[in-house]
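Engineer: I'd like to ask you about the structure that follows.
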Amino acid sequence: MSIVFLSLQACAQQKPVVDYDHSKNPYYSHTSQTPVTASNDFWVKILPPEVYQIAREQGTEQPFTGKYWDNHKKGIYYCAICGNPLYSSDAKFESGTGWPSFYQVLDPASVFLKADADGERTEVECKRCHSHLGHVFDDGPAPTYKRFCMDGDVLDFVPTK
Ligand SMILES: [Zn+2]
């Protein structure tokens with residue numbers, strides 16, 4: 001068991017934090033509510049491959065490897081594709097899954113929940129840019145008992161002062 005744990009730690013340390021230059025992304029804004037309708041032909045040129053694969057092809061990052069699963073700072077998490085504000089650190093909790101987990105969305109209107117293709121899970125999509133962010137489950141803590149299980153690589157964190 002400890003060997004598995006150690007190898008996961010090693011993976012986490014080897015993987016560089018995914019970050020990209022938002023200046024090439026004309027839609028990126030922390031305040032705009034204008035819907036983003038850019039096509040995948042656009043996003044594939046703008047986003048790093050690992051971000052594109054999650055956001056636009058419903059991929060999932062490996063647990064304990066993405067950004068923020070172990071981030072305990074206070075601040076706001078934004079959609080890394082369009083900048084839409086999504087979660088407060090106040091709603092983040094230790095799920096033990098290796099993915100950043102939250103019990104509620106900052107504003108329920110900022111995400112779109114829909115049945116996954118397999119019909120067994122509920123997908124969480126950014127309502128502004130329609131990028132895939134993760135899934136929501138009914139096994140979270142009080143007060144909502146929801147667990148928004150996010151892929152860290154499609155989030156941007158900005159600490160509050
Ligand atoms: Zn977005």
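Letters A, B, ... mark the chains of the structure tokens in the order given; residue numbers begin at 1 per chain; ligand numbers begin at 1, in order shown.
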Chain A near ligand 1 within 8 Å: what's each residue's closest atom pair and its distance in Å to one decimal, counting only C-alpha atoms and all ligand atoms, ordered by chain then ascending residue number, as a Markdown table?

Structural biologist:
| residue | atom | partner | partner_atom_place_in_ligand_line | distance |
| --- | --- | --- | --- | --- |
| A:Val36 | CA | ligand 1 | 1 (Zn) | 7.9 |
| A:Tyr78 | CA | ligand 1 | 1 (Zn) | 7.9 |
| A:Cys79 | CA | ligand 1 | 1 (Zn) | 4.6 |
| A:Ala80 | CA | ligand 1 | 1 (Zn) | 6.7 |
| A:Ile81 | CA | ligand 1 | 1 (Zn) | 5.0 |
| A:Cys82 | CA | ligand 1 | 1 (Zn) | 4.1 |
| A:Gly83 | CA | ligand 1 | 1 (Zn) | 6.0 |
| A:Asn84 | CA | ligand 1 | 1 (Zn) | 5.3 |
| A:Glu125 | CA | ligand 1 | 1 (Zn) | 7.8 |
| A:Cys126 | CA | ligand 1 | 1 (Zn) | 4.6 |
| A:Lys127 | CA | ligand 1 | 1 (Zn) | 6.6 |
| A:Arg128 | CA | ligand 1 | 1 (Zn) | 5.1 |
| A:Cys129 | CA | ligand 1 | 1 (Zn) | 4.2 |
| A:His130 | CA | ligand 1 | 1 (Zn) | 6.2 |
| A:Ser131 | CA | ligand 1 | 1 (Zn) | 5.7 |

Engineer: List as a ChimeraX atom specification the protein and nucleic acid residues near segment 85-87 of chain A, meaning an atom at most 10 Å away when only C-alpha atoms are counted, but skip any in the same chain fewer than 6 places from it.

Structural biologist: /A:29-32,75-79,101-111,126-128,148,155-157

Engineer: Kindly save the residues from that selection, with N, CA and C atoms included, as a PDB file, in the first residue's frame.

Structural biologist:
ATOM      1  N   SER A  29     -12.201  35.694 -19.671  1.00  0.00           N
ATOM      2  CA  SER A  29     -12.571  36.833 -18.833  1.00  0.00           C
ATOM      3  C   SER A  29     -13.144  36.321 -17.522  1.00  0.00           C
ATOM      4  N   HIS A  30     -12.788  36.977 -16.408  1.00  0.00           N
ATOM      5  CA  HIS A  30     -13.342  36.597 -15.111  1.00  0.00           C
ATOM      6  C   HIS A  30     -14.679  37.290 -14.848  1.00  0.00           C
ATOM      7  N   THR A  31     -15.104  38.201 -15.733  1.00  0.00           N
ATOM      8  CA  THR A  31     -16.332  38.965 -15.479  1.00  0.00           C
ATOM      9  C   THR A  31     -17.379  38.848 -16.591  1.00  0.00           C
ATOM     10  N   SER A  32     -16.962  38.558 -17.815  1.00  0.00           N
ATOM     11  CA  SER A  32     -17.926  38.504 -18.924  1.00  0.00           C
ATOM     12  C   SER A  32     -18.897  37.341 -18.757  1.00  0.00           C
ATOM     13  N   GLY A  75      -9.279  31.157  -2.047  1.00  0.00           N
ATOM     14  CA  GLY A  75      -9.383  31.865  -3.313  1.00  0.00           C
ATOM     15  C   GLY A  75     -10.545  31.364  -4.138  1.00  0.00           C
ATOM     16  N   ILE A  76     -10.500  31.744  -5.423  1.00  0.00           N
ATOM     17  CA  ILE A  76     -11.581  31.406  -6.356  1.00  0.00           C
ATOM     18  C   ILE A  76     -11.018  30.548  -7.486  1.00  0.00           C
ATOM     19  N   TYR A  77     -11.783  29.535  -7.861  1.00  0.00           N
ATOM     20  CA  TYR A  77     -11.438  28.668  -8.984  1.00  0.00           C
ATOM     21  C   TYR A  77     -12.284  29.073 -10.197  1.00  0.00           C
ATOM     22  N   TYR A  78     -11.596  29.319 -11.310  1.00  0.00           N
ATOM     23  CA  TYR A  78     -12.258  29.741 -12.551  1.00  0.00           C
ATOM     24  C   TYR A  78     -12.127  28.648 -13.612  1.00  0.00           C
ATOM     25  N   CYS A  79     -13.014  28.684 -14.598  1.00  0.00           N
ATOM     26  CA  CYS A  79     -12.868  27.816 -15.769  1.00  0.00           C
ATOM     27  C   CYS A  79     -11.588  28.229 -16.495  1.00  0.00           C
ATOM     28  N   SER A 101     -12.256  18.675  -5.163  1.00  0.00           N
ATOM     29  CA  SER A 101     -13.669  18.361  -4.913  1.00  0.00           C
ATOM     30  C   SER A 101     -14.330  19.485  -4.124  1.00  0.00           C
ATOM     31  N   PHE A 102     -15.547  19.802  -4.506  1.00  0.00           N
ATOM     32  CA  PHE A 102     -16.289  20.907  -3.907  1.00  0.00           C
ATOM     33  C   PHE A 102     -17.703  20.433  -3.596  1.00  0.00           C
ATOM     34  N   TYR A 103     -18.297  21.015  -2.525  1.00  0.00           N
ATOM     35  CA  TYR A 103     -19.672  20.598  -2.216  1.00  0.00           C
ATOM     36  C   TYR A 103     -20.710  21.527  -2.831  1.00  0.00           C
ATOM     37  N   GLN A 104     -20.266  22.675  -3.373  1.00  0.00           N
ATOM     38  CA  GLN A 104     -21.232  23.494  -4.108  1.00  0.00           C
ATOM     39  C   GLN A 104     -20.528  24.415  -5.092  1.00  0.00           C
ATOM     40  N   VAL A 105     -21.292  24.844  -6.098  1.00  0.00           N
ATOM     41  CA  VAL A 105     -20.815  25.791  -7.096  1.00  0.00           C
ATOM     42  C   VAL A 105     -21.025  27.192  -6.548  1.00  0.00           C
ATOM     43  N   LEU A 106     -20.116  28.093  -6.896  1.00  0.00           N
ATOM     44  CA  LEU A 106     -20.226  29.492  -6.459  1.00  0.00           C
ATOM     45  C   LEU A 106     -21.607  30.047  -6.823  1.00  0.00           C
ATOM     46  N   ASP A 107     -21.994  29.844  -8.073  1.00  0.00           N
ATOM     47  CA  ASP A 107     -23.310  30.268  -8.553  1.00  0.00           C
ATOM     48  C   ASP A 107     -23.867  29.119  -9.403  1.00  0.00           C
ATOM     49  N   PRO A 108     -24.960  28.507  -8.978  1.00  0.00           N
ATOM     50  CA  PRO A 108     -25.484  27.352  -9.731  1.00  0.00           C
ATOM     51  C   PRO A 108     -25.705  27.662 -11.209  1.00  0.00           C
ATOM     52  N   ALA A 109     -25.907  28.952 -11.532  1.00  0.00           N
ATOM     53  CA  ALA A 109     -26.157  29.337 -12.926  1.00  0.00           C
ATOM     54  C   ALA A 109     -24.886  29.286 -13.779  1.00  0.00           C
ATOM     55  N   SER A 110     -23.727  29.067 -13.158  1.00  0.00           N
ATOM     56  CA  SER A 110     -22.477  29.091 -13.926  1.00  0.00           C
ATOM     57  C   SER A 110     -22.120  27.727 -14.522  1.00  0.00           C
ATOM     58  N   VAL A 111     -22.870  26.700 -14.138  1.00  0.00           N
ATOM     59  CA  VAL A 111     -22.606  25.370 -14.711  1.00  0.00           C
ATOM     60  C   VAL A 111     -23.890  24.753 -15.266  1.00  0.00           C
ATOM     61  N   CYS A 126     -19.124  23.822 -18.061  1.00  0.00           N
ATOM     62  CA  CYS A 126     -19.128  25.279 -17.888  1.00  0.00           C
ATOM     63  C   CYS A 126     -20.256  25.843 -18.739  1.00  0.00           C
ATOM     64  N   LYS A 127     -21.125  26.641 -18.102  1.00  0.00           N
ATOM     65  CA  LYS A 127     -22.284  27.134 -18.855  1.00  0.00           C
ATOM     66  C   LYS A 127     -21.875  28.198 -19.875  1.00  0.00           C
ATOM     67  N   ARG A 128     -20.762  28.885 -19.625  1.00  0.00           N
ATOM     68  CA  ARG A 128     -20.378  29.958 -20.552  1.00  0.00           C
ATOM     69  C   ARG A 128     -19.724  29.408 -21.819  1.00  0.00           C
ATOM     70  N   PHE A 148     -18.801  17.728  -6.221  1.00  0.00           N
ATOM     71  CA  PHE A 148     -18.407  18.155  -7.559  1.00  0.00           C
ATOM     72  C   PHE A 148     -16.949  17.758  -7.745  1.00  0.00           C
ATOM     73  N   LEU A 155      -9.197  24.006 -14.454  1.00  0.00           N
ATOM     74  CA  LEU A 155      -9.479  25.099 -13.517  1.00  0.00           C
ATOM     75  C   LEU A 155      -8.284  26.042 -13.443  1.00  0.00           C
ATOM     76  N   ASP A 156      -8.577  27.298 -13.137  1.00  0.00           N
ATOM     77  CA  ASP A 156      -7.551  28.309 -12.805  1.00  0.00           C
ATOM     78  C   ASP A 156      -7.842  28.775 -11.395  1.00  0.00           C
ATOM     79  N   PHE A 157      -6.815  28.822 -10.560  1.00  0.00           N
ATOM     80  CA  PHE A 157      -7.024  29.277  -9.180  1.00  0.00           C
ATOM     81  C   PHE A 157      -6.381  30.644  -8.997  1.00  0.00           C
TER      82      PHE A 157
END

Engineer: Among the residues of segment 1-159 of chain A, find those DSSP assigns to alpha helix (DSSP H) from the backbone and print them as a compact mmCIF listing (two decimals) with C-alpha atoms, in the first residue's frame.

Structural biologist:
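Once everything was written out, this is part17.txt:
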# COMPACT_ATOMS: atom_id res chain seq x y z
CA SER A 2 2.76 2.44 0.90
CA ILE A 3 4.57 1.63 -2.36
CA VAL A 4 1.48 2.60 -4.35
CA PHE A 5 1.20 5.80 -2.35
CA LEU A 6 4.84 6.68 -2.94
CA SER A 7 4.64 6.07 -6.69
CA LEU A 8 1.58 8.33 -6.92
CA GLN A 9 3.49 11.01 -5.09
CA ALA A 10 6.38 10.64 -7.52
CA CYS A 11 4.01 11.03 -10.47
CA ALA A 12 2.54 14.16 -8.95
CA GLN A 13 5.97 15.70 -8.57
CA GLN A 14 7.10 14.89 -12.10
CA ASN A 40 -13.24 22.80 -31.33
CA ASP A 41 -11.28 23.87 -34.45
CA PHE A 42 -10.48 27.05 -32.50
CA TRP A 43 -9.83 25.44 -29.11
CA VAL A 44 -7.49 22.78 -30.45
CA LYS A 45 -5.14 25.58 -31.56
CA ILE A 46 -5.41 27.57 -28.30
CA PRO A 49 -3.38 19.13 -25.53
CA GLU A 50 -4.08 17.85 -21.98
CA VAL A 51 -6.57 20.68 -21.35
CA TYR A 52 -8.23 20.23 -24.75
CA GLN A 53 -8.64 16.51 -24.16
CA ILE A 54 -10.52 17.04 -20.88
CA ALA A 55 -12.47 20.18 -21.79
CA ARG A 56 -13.52 19.35 -25.33
CA GLU A 57 -13.37 15.54 -25.49

Engineer: Rank nothing, just name the residue among A:Val124, A:Ala38, A:Trp99, A:Lys73 nearest to Pro26 of chain A, using only C-alpha atoms.

Structural biologist: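 Looking at the shortest contact to Pro26 of chain A, the residue is A:Ala38.
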